file upload.tsv (TSV, C-alpha atoms)
chain	number	residue	atom	x	y	z
A	15	MET	CA	34.51	59.32	65.68
A	16	SER	CA	35.64	62.93	65.33
A	17	LYS	CA	37.54	64.13	62.27
A	18	PHE	CA	40.11	66.04	64.28
A	19	LYS	CA	41.05	66.62	67.91
A	20	LYS	CA	43.78	68.64	69.52
A	21	SER	CA	44.48	69.53	73.14
A	22	PHE	CA	46.42	72.36	74.73
A	23	HIS	CA	47.77	72.60	78.27
A	24	ILE	CA	46.68	75.53	80.48
A	25	LYS	CA	48.97	76.50	83.32
A	26	GLY	CA	47.20	77.87	86.37
A	27	ARG	CA	48.20	81.35	87.64
A	28	ASP	CA	50.31	81.99	84.52
A	29	PHE	CA	48.80	85.29	83.46
A	30	ILE	CA	51.46	85.97	80.84
A	31	ARG	CA	50.57	82.87	78.82
A	32	ALA	CA	46.86	82.94	79.61
A	33	GLY	CA	44.96	82.93	76.34
A	34	GLU	CA	47.61	81.20	74.23
A	35	ALA	CA	45.54	78.02	73.87
A	36	SER	CA	42.56	80.01	72.58
A	37	ILE	CA	44.70	81.90	70.09
A	38	ASN	CA	46.05	78.53	68.90
A	39	VAL	CA	42.49	77.25	68.48
A	40	GLN	CA	41.57	80.45	66.61
A	41	ASN	CA	44.54	80.01	64.25
A	42	LEU	CA	43.72	76.32	63.71
A	43	LEU	CA	40.12	77.09	62.76
A	44	LYS	CA	41.28	79.89	60.45
A	45	SER	CA	43.59	77.42	58.70
A	46	MET	CA	40.57	75.12	58.23
A	47	ASP	CA	38.59	77.96	56.57
A	48	PHE	CA	35.68	78.04	58.99
A	49	ASP	CA	33.29	81.02	58.98
A	50	PRO	CA	35.02	83.97	60.73
A	51	ARG	CA	31.92	84.61	62.89
A	52	LEU	CA	31.97	81.01	64.11
A	53	ILE	CA	35.71	81.22	64.77
A	54	ARG	CA	35.16	84.38	66.84
A	55	ARG	CA	32.45	82.71	68.94
A	56	VAL	CA	34.64	79.66	69.60
A	57	ALA	CA	37.71	81.80	70.39
A	58	ILE	CA	35.74	84.02	72.81
A	59	CYS	CA	34.37	80.97	74.63
A	60	GLY	CA	37.82	79.41	74.75
A	61	TYR	CA	39.44	82.57	76.03
A	62	GLU	CA	36.82	83.23	78.71
A	63	SER	CA	37.11	79.68	79.99
A	64	GLU	CA	40.90	79.71	79.78
A	65	MET	CA	40.99	82.87	81.90
A	66	ASN	CA	38.69	81.16	84.42
A	67	VAL	CA	41.11	78.23	84.68
A	68	VAL	CA	44.14	80.52	85.05
A	69	MET	CA	42.39	82.71	87.64
A	70	HIS	CA	40.61	80.06	89.68
A	71	GLY	CA	41.26	76.55	88.50
A	72	GLY	CA	44.87	75.49	88.82
A	73	ASP	CA	46.23	73.50	85.87
A	74	GLY	CA	43.99	72.35	83.09
A	75	SER	CA	43.54	71.71	79.41
A	76	LEU	CA	41.56	73.01	76.46
A	77	SER	CA	40.64	70.68	73.64
A	78	LEU	CA	39.06	71.31	70.26
A	79	GLU	CA	37.20	68.56	68.49
A	80	VAL	CA	36.05	69.02	64.91
A	81	ASP	CA	33.23	66.74	63.86
A	82	THR	CA	31.15	66.63	60.67
A	83	ASP	CA	28.28	68.65	62.13
A	84	ARG	CA	29.79	70.41	65.16
A	85	LEU	CA	32.80	71.83	66.93
A	86	ILE	CA	33.30	70.82	70.55
A	87	LEU	CA	35.40	72.84	72.95
A	88	GLU	CA	36.17	71.20	76.27
A	89	ILE	CA	38.01	72.88	79.11
A	90	SER	CA	38.88	70.96	82.24
A	91	ASP	CA	40.86	71.85	85.32
A	92	ASP	CA	41.90	70.37	88.64
A	93	GLY	CA	40.93	73.45	90.64
A	94	PRO	CA	38.58	73.98	93.56
A	95	GLY	CA	35.40	73.52	91.51
A	96	ILE	CA	32.33	75.73	91.27
A	97	GLU	CA	30.26	75.59	94.42
A	98	ASP	CA	27.00	76.85	92.93
A	99	ILE	CA	26.82	76.60	89.13
A	100	ASP	CA	23.46	78.42	88.87
A	101	LEU	CA	24.89	81.34	90.83
A	102	ALA	CA	28.08	81.36	88.73
A	103	MET	CA	25.95	81.59	85.57
A	104	GLN	CA	24.40	84.84	86.76
A	105	ALA	CA	25.90	87.93	85.09
A	106	GLY	CA	27.90	89.94	87.60
A	107	TYR	CA	28.50	87.15	90.11
A	108	SER	CA	32.23	86.77	90.68
A	109	THR	CA	34.70	85.24	93.10
A	110	ALA	CA	37.65	87.01	91.45
A	111	ASN	CA	40.16	89.05	93.44
A	112	ASP	CA	41.66	92.51	92.87
A	113	ASP	CA	44.60	91.10	90.85
A	114	HIS	CA	42.17	89.59	88.35
A	115	ARG	CA	40.24	92.86	88.10
A	116	GLU	CA	43.41	94.87	87.49
A	117	MET	CA	43.92	92.76	84.37
A	118	GLY	CA	40.43	93.59	83.16
A	119	PHE	CA	38.76	90.33	84.19
A	120	GLY	CA	36.72	89.03	87.09
A	121	ALA	CA	33.53	91.00	86.40
A	122	GLY	CA	31.35	87.91	86.50
A	123	MET	CA	30.75	87.99	82.76
A	124	GLY	CA	32.68	84.88	81.71
A	125	LEU	CA	30.19	82.03	82.03
A	126	PRO	CA	27.18	84.09	80.80
A	127	ASN	CA	29.25	85.15	77.77
A	128	MET	CA	30.23	81.53	77.09
A	129	LYS	CA	26.56	80.55	77.23
A	130	LYS	CA	25.67	83.38	74.84
A	131	ASN	CA	28.33	82.46	72.28
A	132	SER	CA	27.93	78.67	72.26
A	133	ASP	CA	24.95	76.61	71.07
A	134	GLN	CA	25.12	74.31	74.08
A	135	ILE	CA	27.08	74.48	77.30
A	136	HIS	CA	27.47	71.73	79.89
A	137	ILE	CA	29.26	72.30	83.16
A	138	GLU	CA	30.28	69.53	85.55
A	139	SER	CA	31.85	70.63	88.77
A	140	ASN	CA	32.12	69.53	92.35
A	141	ARG	CA	33.86	71.16	95.24
A	142	ASP	CA	37.57	70.22	95.29
A	143	GLN	CA	37.13	67.96	92.26
A	144	GLY	CA	37.75	70.39	89.43
A	145	THR	CA	35.52	71.57	86.60
A	146	VAL	CA	34.77	70.43	83.06
A	147	VAL	CA	33.08	72.87	80.69
A	148	ARG	CA	31.94	71.46	77.36
A	149	MET	CA	30.63	73.78	74.68
A	150	ILE	CA	29.10	72.74	71.36
A	151	PHE	CA	28.91	74.84	68.21
A	152	PHE	CA	26.72	73.37	65.51
A	153	LEU	CA	27.89	73.74	61.94
A	154	PRO	CA	25.43	74.79	59.24
A	155	GLU	CA	24.02	71.91	57.21
A	156	GLY	CA	26.63	70.67	54.79
A	157	GLY	CA	29.48	71.40	57.20
A	158	LYS	CA	31.56	74.53	57.38
A	159	THR	CA	30.73	77.75	55.61
A	160	ASP	CA	32.99	80.41	54.20
B	11	MET	CA	37.41	106.96	59.12
B	12	LYS	CA	40.88	105.70	58.27
B	13	LEU	CA	43.28	104.68	61.03
B	14	SER	CA	45.65	107.42	59.84
B	15	GLU	CA	42.88	110.00	60.45
B	16	ILE	CA	42.25	108.58	63.92
B	17	ILE	CA	45.96	108.97	64.68
B	18	GLU	CA	45.73	112.61	63.58
B	19	THR	CA	42.55	113.24	65.60
B	20	LEU	CA	44.07	111.79	68.77
B	21	ASP	CA	47.55	113.32	68.19
B	22	ALA	CA	48.65	109.74	68.59
B	23	THR	CA	51.84	107.84	67.89
B	24	LEU	CA	51.74	104.67	65.84
B	25	LEU	CA	53.44	101.88	67.79
B	26	ILE	CA	52.98	99.12	65.23
B	27	GLY	CA	50.88	98.44	62.14
B	28	GLU	CA	52.14	100.79	59.43
B	29	ASP	CA	50.54	98.59	56.79
B	30	LYS	CA	47.10	99.15	58.36
B	31	LEU	CA	46.97	102.96	58.15
B	32	ASP	CA	44.31	102.83	55.42
B	33	GLN	CA	42.09	100.47	57.41
B	34	ASP	CA	38.56	101.87	57.69
B	35	ILE	CA	37.13	102.09	61.22
B	36	THR	CA	33.58	103.21	61.95
B	37	LYS	CA	33.01	102.06	65.54
B	38	CYS	CA	34.70	102.71	68.83
B	39	GLY	CA	34.65	100.97	72.20
B	40	ALA	CA	36.31	102.30	75.34
B	41	SER	CA	36.96	100.01	78.29
B	42	ASP	CA	39.53	98.79	80.76
B	43	LEU	CA	37.34	95.78	81.38
B	44	MET	CA	38.34	93.07	78.93
B	45	SER	CA	35.28	91.02	79.92
B	46	ASP	CA	33.10	93.79	78.48
B	47	VAL	CA	35.11	93.80	75.26
B	48	LEU	CA	34.62	90.05	74.91
B	49	ALA	CA	30.88	90.41	75.55
B	50	ALA	CA	30.39	93.09	72.87
B	51	ILE	CA	30.52	92.89	69.08
B	52	CYS	CA	33.85	94.57	68.41
B	53	GLU	CA	34.60	93.42	64.87
B	54	GLY	CA	36.80	96.01	63.19
B	55	CYS	CA	36.39	98.65	65.92
B	56	ILE	CA	39.01	100.77	67.60
B	57	LEU	CA	39.39	99.91	71.28
B	58	LEU	CA	40.41	102.70	73.65
B	59	THR	CA	41.95	101.45	76.86
B	60	GLY	CA	44.33	102.35	79.65
B	61	LEU	CA	45.46	98.75	80.11
B	62	THR	CA	48.76	97.77	78.48
B	63	THR	CA	49.04	94.06	79.26
B	64	VAL	CA	49.34	91.05	76.94
B	65	GLN	CA	45.72	90.29	77.78
B	66	VAL	CA	44.61	93.42	75.89
B	67	ILE	CA	46.26	92.06	72.74
B	68	ARG	CA	44.81	88.57	73.19
B	69	THR	CA	41.35	89.98	73.98
B	70	ALA	CA	41.50	92.24	70.93
B	71	SER	CA	42.61	89.37	68.69
B	72	VAL	CA	39.93	87.01	69.93
B	73	ALA	CA	37.19	89.67	69.68
B	74	GLY	CA	38.25	90.81	66.20
B	75	VAL	CA	39.15	94.38	67.24
B	76	GLY	CA	40.58	96.41	64.35
B	77	ALA	CA	43.05	98.56	66.30
B	78	VAL	CA	43.91	99.46	69.91
B	79	ALA	CA	44.51	103.00	71.18
B	80	PHE	CA	46.21	103.39	74.55
B	81	VAL	CA	45.08	106.57	76.29
B	82	ARG	CA	46.77	108.89	78.80
B	83	GLY	CA	50.08	108.52	76.93
B	84	LYS	CA	50.46	104.91	77.97
B	85	LYS	CA	52.79	102.68	76.01
B	86	PRO	CA	52.89	98.92	76.42
B	87	PRO	CA	56.16	97.04	77.00
B	88	PRO	CA	58.05	95.83	73.87
B	89	GLU	CA	56.87	92.22	74.21
B	90	VAL	CA	53.25	93.41	74.05
B	91	VAL	CA	53.97	95.45	70.91
B	92	GLU	CA	55.74	92.44	69.40
B	93	MET	CA	52.75	90.22	70.12
B	94	ALA	CA	50.44	92.75	68.44
B	95	GLY	CA	52.73	92.64	65.40
B	96	ILE	CA	52.38	88.86	65.21
B	97	GLN	CA	48.59	89.18	65.52
B	98	GLU	CA	48.61	91.94	62.85
B	99	LEU	CA	46.89	94.29	65.29
B	100	PRO	CA	47.81	97.98	64.94
B	101	LEU	CA	48.56	99.87	68.18
B	102	ILE	CA	48.55	103.62	68.77
B	103	SER	CA	49.19	105.74	71.85
B	104	SER	CA	47.41	109.06	72.53
B	105	PRO	CA	48.35	111.67	75.13
B	106	TYR	CA	44.66	112.43	75.76
B	107	SER	CA	42.53	111.00	78.54
B	108	MET	CA	39.90	108.38	77.86
B	109	PHE	CA	37.16	111.05	78.04
B	110	VAL	CA	38.85	113.47	75.65
B	111	SER	CA	39.85	110.68	73.25
B	112	CYS	CA	36.24	109.45	73.12
B	113	GLY	CA	34.97	113.01	72.58
B	114	ARG	CA	37.35	113.67	69.73
B	115	LEU	CA	36.40	110.45	67.93
B	116	HIS	CA	32.69	111.03	68.57
B	117	ALA	CA	33.02	114.46	66.99
B	118	CYS	CA	34.43	112.73	63.91
B	119	ASN	CA	31.24	110.65	63.59
B	120	LEU	CA	32.51	107.36	64.97
B	121	THR	CA	29.69	105.42	66.62
B	122	GLY	CA	29.62	103.14	69.65
B	123	LEU	CA	29.90	99.38	69.18
B	124	ASN	CA	26.13	99.06	68.79
B	125	GLY	CA	26.03	101.82	66.17
B	126	GLN	CA	24.64	104.49	68.53
B	127	ARG	CA	25.85	108.07	68.51
call {"tool": "encode", "arguments": {"input": "upload.tsv", "output": "structure tokens"}}
result
Amino acid sequence: MSKFKKSFHIKGRDFIRAGEASINVQNLLKSMDFDPRLIRRVAICGYESEMNVVMHGGDGSLSLEVDTDRLILEISDDGPGIEDIDLAMQAGYSTANDDHREMGFGAGMGLPNMKKNSDQIHIESNRDQGTVVRMIFFLPEGGKTD
Amino acid sequence: MKLSEIIETLDATLLIGEDKLDQDITKCGASDLMSDVLAAICEGCILLTGLTTVQVIRTASVAGVGAVAFVRGKKPPPEVVEMAGIQELPLISSPYSMFVSCGRLHACNLTGLNGQR
């Protein structure tokens, strides 16, 4: 059983609030005194995935689970799903539109960057059935570091 | 290089973050592509950008950016400045273009995000 779990709602197409959940996660981890480098990795993964939900996925949620040896970040949405996960993992592949690009996103860097910054990433997605992205960040032996 | 010296070099206006003027900055990144900012190691850098949306502030906060400089005289709306204040992220605005801003900071020995000159 995890030590701590908290979930945040993500509203699809709401570009003003996009990223709030990740900032909340970042602040939570700061208050728990985790290593700043680990916090940055988790926040970047959360933010990238949150932007994906807002841009493509419809409504969704982001949850943070703190366990004795790992942090787990899970992002799920009820959007159109990822048709070809292998293709989506390739740097530069994007289905974003011009509106997304005007905001500085949609360059096809999100999923590769999430893979780079997490220790494990699992993606479950089917067409028209939404997407669940689960990322694991292992804690150094003995738990968190300062 | 202190943030106050960067402001002088870029003939910039401080929009928020008076308490950070002594902050030391050695690296600079310039991009309108927030995905690139998130993919780089930006800890403590100054980010030059022409984008003035809330996403710049959130990207900078998540990536650990030290300060944001808006180029071409751009100034973000008040709610964006307010958000930066909450995130304790200093913002400055320079009248110079991205190219000239980069050149001026490069001439002052700032490096790129990977330490290259």
call {"tool": "atom_distance", "arguments": {"input": "upload.tsv", "atom1": "atom CA of Gly74 of chain A", "atom2": "atom CA of Glu138 of chain A"}}
result
14.2 Å
call {"tool": "residues_around", "arguments": {"input": "upload.tsv", "residues": "Asn38 of chain A", "least_positions_apart": "2", "cutoff": "12 Å", "atoms": "all atoms listed in the file", "output": "ChimeraX atom specification"}}
result
/A:20-24,31-36,40-45,53,56-57,60-61,76-78 /B:68,71-72,97
call {"tool": "residues_around", "arguments": {"input": "upload.tsv", "residues": "Ile86 of chain A", "least_positions_apart": "2", "cutoff": "6 Å", "atoms": "all atoms listed in the file", "output": "list of chain:residue names"}}
result
A:Leu78, A:Glu79, A:Met149, A:Ile150
call {"tool": "closest_atom_pairs", "arguments": {"input": "upload.tsv", "of": "chain A", "to": "chain B", "cutoff": "6 Å", "atoms": "only C-alpha atoms", "output": "tab-separated table"}}
result
residue	atom	partner	partner_atom	distance
A:Ala57	CA	B:Val72	CA	5.7
A:Ile58	CA	B:Val72	CA	5.9
A:Gly118	CA	B:Leu43	CA	4.2
A:Phe119	CA	B:Ser45	CA	5.6
A:Asn127	CA	B:Ala49	CA	5.9
call {"tool": "residues_around", "arguments": {"input": "upload.tsv", "residues": "Lys25 of chain A", "least_positions_apart": "6", "cutoff": "7 Å", "atoms": "only C-alpha atoms", "output": "ChimeraX atom specification"}}
result
/A:68,72-74
call {"tool": "write_last_selection", "arguments": {"input": "upload.tsv", "atoms": "C-alpha atoms", "output": "mmCIF file, in the coordinates of the input"}}
result
data_model
loop_
_atom_site.group_PDB
_atom_site.id
_atom_site.type_symbol
_atom_site.label_atom_id
_atom_site.label_comp_id
_atom_site.auth_asym_id
_atom_site.auth_seq_id
_atom_site.Cartn_x
_atom_site.Cartn_y
_atom_site.Cartn_z
ATOM 1 C CA VAL A 68 44.140 80.520 85.050
ATOM 2 C CA GLY A 72 44.870 75.490 88.820
ATOM 3 C CA ASP A 73 46.230 73.500 85.870
ATOM 4 C CA GLY A 74 43.990 72.350 83.090
#
call {"tool": "residues_near_point", "arguments": {"input": "upload.tsv", "point": "(35.7, 68.3, 92.3)", "cutoff": "9 Å", "atoms": "all atoms listed in the file", "output": "PDB file with C-alpha atoms, in the frame of the given file"}}
result
ATOM      1  CA  ASP A  92      41.900  70.370  88.640  1.00  0.00           C
ATOM      2  CA  GLY A  93      40.930  73.450  90.640  1.00  0.00           C
ATOM      3  CA  PRO A  94      38.580  73.980  93.560  1.00  0.00           C
ATOM      4  CA  GLY A  95      35.400  73.520  91.510  1.00  0.00           C
ATOM      5  CA  ILE A  96      32.330  75.730  91.270  1.00  0.00           C
ATOM      6  CA  GLU A 138      30.280  69.530  85.550  1.00  0.00           C
ATOM      7  CA  SER A 139      31.850  70.630  88.770  1.00  0.00           C
ATOM      8  CA  ASN A 140      32.120  69.530  92.350  1.00  0.00           C
ATOM      9  CA  ARG A 141      33.860  71.160  95.240  1.00  0.00           C
ATOM     10  CA  ASP A 142      37.570  70.220  95.290  1.00  0.00           C
ATOM     11  CA  GLN A 143      37.130  67.960  92.260  1.00  0.00           C
ATOM     12  CA  GLY A 144      37.750  70.390  89.430  1.00  0.00           C
ATOM     13  CA  THR A 145      35.520  71.570  86.600  1.00  0.00           C
TER      14      THR A 145
END
call {"tool": "closest_residue", "arguments": {"input": "upload.tsv", "among": "B:Lys30, B:Lys37, B:Lys12, B:Arg82", "to": "Ser111 of chain B", "atoms": "all atoms listed in the file"}}
result
B:Arg82
call {"tool": "atom_distance", "arguments": {"input": "upload.tsv", "atom1": "atom CA of Glu88 of chain A", "atom2": "atom CA of Gly54 of chain B"}}
result
28.1 Å
call {"tool": "closest_residue", "arguments": {"input": "upload.tsv", "among": "B:Arg114, B:Leu120, B:Ser14, B:Ala79", "to": "Glu28 of chain B", "atoms": "only C-alpha atoms"}}
result
B:Ser14
call {"tool": "closest_residue", "arguments": {"input": "upload.tsv", "among": "B:Leu25, B:Gly113, B:Gly122, B:Arg127", "to": "Ala94 of chain B", "atoms": "all atoms listed in the file"}}
result
B:Leu25
call {"tool": "closest_residue", "arguments": {"input": "upload.tsv", "among": "B:Asp34, B:Met11, B:Ala77, B:Leu57", "to": "Gly95 of chain B", "atoms": "all atoms listed in the file"}}
result
B:Ala77
call {"tool": "atom_distance", "arguments": {"input": "upload.tsv", "atom1": "atom CA of Phe29 of chain A", "atom2": "atom CA of Glu92 of chain B"}}
result
17.2 Å
call {"tool": "residues_around", "arguments": {"input": "upload.tsv", "residues": "Met108 of chain B", "least_positions_apart": "5", "cutoff": "8 Å", "atoms": "all atoms listed in the file", "output": "ChimeraX atom specification"}}
result
/B:40,58-60,81-82
call {"tool": "residues_around", "arguments": {"input": "upload.tsv", "residues": "Ala110 of chain A", "least_positions_apart": "6", "cutoff": "8 Å", "atoms": "all atoms listed in the file", "output": "short mmCIF file (atom, residue, chain, number, x, y, z; two decimals) with C-alpha atoms, in the coordinates of the input"}}
result
data_model
loop_
_atom_site.label_atom_id
_atom_site.label_comp_id
_atom_site.auth_asym_id
_atom_site.auth_seq_id
_atom_site.Cartn_x
_atom_site.Cartn_y
_atom_site.Cartn_z
CA MET A 69 42.39 82.71 87.64
CA HIS A 70 40.61 80.06 89.68
CA GLY A 120 36.72 89.03 87.09
CA ALA A 121 33.53 91.00 86.40
#
call {"tool": "residues_near_point", "arguments": {"input": "upload.tsv", "point": "(37.2, 74.0, 61.4)", "cutoff": "7 Å", "atoms": "all atoms listed in the file", "output": "PDB file with C-alpha atoms, in the coordinates of the input"}}
result
ATOM      1  CA  LEU A  43      40.120  77.090  62.760  1.00  0.00           C
ATOM      2  CA  MET A  46      40.570  75.120  58.230  1.00  0.00           C
ATOM      3  CA  ASP A  47      38.590  77.960  56.570  1.00  0.00           C
ATOM      4  CA  PHE A  48      35.680  78.040  58.990  1.00  0.00           C
ATOM      5  CA  VAL A  80      36.050  69.020  64.910  1.00  0.00           C
ATOM      6  CA  LYS A 158      31.560  74.530  57.380  1.00  0.00           C
TER       7      LYS A 158
END
call {"tool": "closest_residue", "arguments": {"input": "upload.tsv", "among": "B:Glu98, B:Leu123, B:Pro86, B:Phe80", "to": "Asp21 of chain B", "atoms": "all atoms listed in the file"}}
result
B:Phe80
call {"tool": "closest_residue", "arguments": {"input": "upload.tsv", "among": "A:Glu62, A:Val147, A:Leu87, A:Phe18", "to": "Met123 of chain A", "atoms": "all atoms listed in the file"}}
result
A:Glu62
call {"tool": "build_atoms", "arguments": {"input": "upload.tsv", "residues": "segment 80-100 of chain B", "atoms": "N, CA, C and O atoms", "output": "mmCIF file, in the frame of the given file"}}
result
data_model
loop_
_atom_site.group_PDB
_atom_site.id
_atom_site.type_symbol
_atom_site.label_atom_id
_atom_site.label_comp_id
_atom_site.auth_asym_id
_atom_site.auth_seq_id
_atom_site.Cartn_x
_atom_site.Cartn_y
_atom_site.Cartn_z
ATOM 1 N N PHE B 80 45.946 103.229 73.125
ATOM 2 C CA PHE B 80 46.210 103.390 74.550
ATOM 3 C C PHE B 80 46.086 104.866 74.885
ATOM 4 O O PHE B 80 46.666 105.720 74.201
ATOM 5 N N VAL B 81 45.314 105.170 75.922
ATOM 6 C CA VAL B 81 45.080 106.570 76.290
ATOM 7 C C VAL B 81 46.033 107.005 77.401
ATOM 8 O O VAL B 81 46.800 106.208 77.918
ATOM 9 N N ARG B 82 45.949 108.299 77.746
ATOM 10 C CA ARG B 82 46.770 108.890 78.800
ATOM 11 C C ARG B 82 48.274 108.682 78.557
ATOM 12 O O ARG B 82 49.055 108.542 79.492
ATOM 13 N N GLY B 83 48.661 108.631 77.292
ATOM 14 C CA GLY B 83 50.080 108.520 76.930
ATOM 15 C C GLY B 83 50.713 107.188 77.271
ATOM 16 O O GLY B 83 51.940 107.049 77.235
ATOM 17 N N LYS B 84 49.899 106.207 77.575
ATOM 18 C CA LYS B 84 50.460 104.910 77.970
ATOM 19 C C LYS B 84 51.054 104.184 76.774
ATOM 20 O O LYS B 84 50.534 104.260 75.662
ATOM 21 N N LYS B 85 52.158 103.506 77.054
ATOM 22 C CA LYS B 85 52.790 102.680 76.010
ATOM 23 C C LYS B 85 53.073 101.315 76.600
ATOM 24 O O LYS B 85 53.654 101.209 77.679
ATOM 25 N N PRO B 86 52.663 100.274 75.895
ATOM 26 C CA PRO B 86 52.890 98.920 76.420
ATOM 27 C C PRO B 86 54.355 98.520 76.317
ATOM 28 O O PRO B 86 55.094 99.100 75.513
ATOM 29 N N PRO B 87 54.779 97.529 77.108
ATOM 30 C CA PRO B 87 56.160 97.040 77.000
ATOM 31 C C PRO B 87 56.414 96.402 75.632
ATOM 32 O O PRO B 87 55.469 95.995 74.942
ATOM 33 N N PRO B 88 57.703 96.319 75.221
ATOM 34 C CA PRO B 88 58.050 95.830 73.870
ATOM 35 C C PRO B 88 57.453 94.461 73.543
ATOM 36 O O PRO B 88 57.033 94.236 72.409
ATOM 37 N N GLU B 89 57.379 93.569 74.526
ATOM 38 C CA GLU B 89 56.870 92.220 74.210
ATOM 39 C C GLU B 89 55.382 92.269 73.839
ATOM 40 O O GLU B 89 54.887 91.443 73.069
ATOM 41 N N VAL B 90 54.676 93.264 74.383
ATOM 42 C CA VAL B 90 53.250 93.410 74.050
ATOM 43 C C VAL B 90 53.111 93.946 72.613
ATOM 44 O O VAL B 90 52.277 93.479 71.844
ATOM 45 N N VAL B 91 53.983 94.898 72.272
ATOM 46 C CA VAL B 91 53.970 95.450 70.910
ATOM 47 C C VAL B 91 54.325 94.347 69.904
ATOM 48 O O VAL B 91 53.689 94.215 68.856
ATOM 49 N N GLU B 92 55.311 93.537 70.281
ATOM 50 C CA GLU B 92 55.740 92.440 69.400
ATOM 51 C C GLU B 92 54.590 91.453 69.169
ATOM 52 O O GLU B 92 54.346 91.006 68.047
ATOM 53 N N MET B 93 53.872 91.142 70.246
ATOM 54 C CA MET B 93 52.750 90.220 70.120
ATOM 55 C C MET B 93 51.677 90.792 69.195
ATOM 56 O O MET B 93 51.097 90.080 68.370
ATOM 57 N N ALA B 94 51.426 92.096 69.311
ATOM 58 C CA ALA B 94 50.440 92.750 68.440
ATOM 59 C C ALA B 94 50.882 92.641 66.978
ATOM 60 O O ALA B 94 50.057 92.433 66.085
ATOM 61 N N GLY B 95 52.194 92.754 66.754
ATOM 62 C CA GLY B 95 52.730 92.640 65.400
ATOM 63 C C GLY B 95 52.432 91.261 64.830
ATOM 64 O O GLY B 95 52.010 91.124 63.677
ATOM 65 N N ILE B 96 52.641 90.235 65.649
ATOM 66 C CA ILE B 96 52.380 88.860 65.210
ATOM 67 C C ILE B 96 50.891 88.674 64.897
ATOM 68 O O ILE B 96 50.514 88.019 63.946
ATOM 69 N N GLN B 97 50.043 89.303 65.712
ATOM 70 C CA GLN B 97 48.590 89.180 65.520
ATOM 71 C C GLN B 97 48.062 90.152 64.459
ATOM 72 O O GLN B 97 46.853 90.228 64.234
ATOM 73 N N GLU B 98 48.973 90.945 63.864
ATOM 74 C CA GLU B 98 48.610 91.940 62.850
ATOM 75 C C GLU B 98 47.577 92.929 63.381
ATOM 76 O O GLU B 98 46.601 93.281 62.700
ATOM 77 N N LEU B 99 47.790 93.359 64.625
ATOM 78 C CA LEU B 99 46.890 94.290 65.290
ATOM 79 C C LEU B 99 47.603 95.635 65.467
ATOM 80 O O LEU B 99 48.578 95.718 66.200
ATOM 81 N N PRO B 100 47.149 96.697 64.783
ATOM 82 C CA PRO B 100 47.810 97.980 64.940
ATOM 83 C C PRO B 100 47.599 98.580 66.338
ATOM 84 O O PRO B 100 46.500 98.463 66.892
#
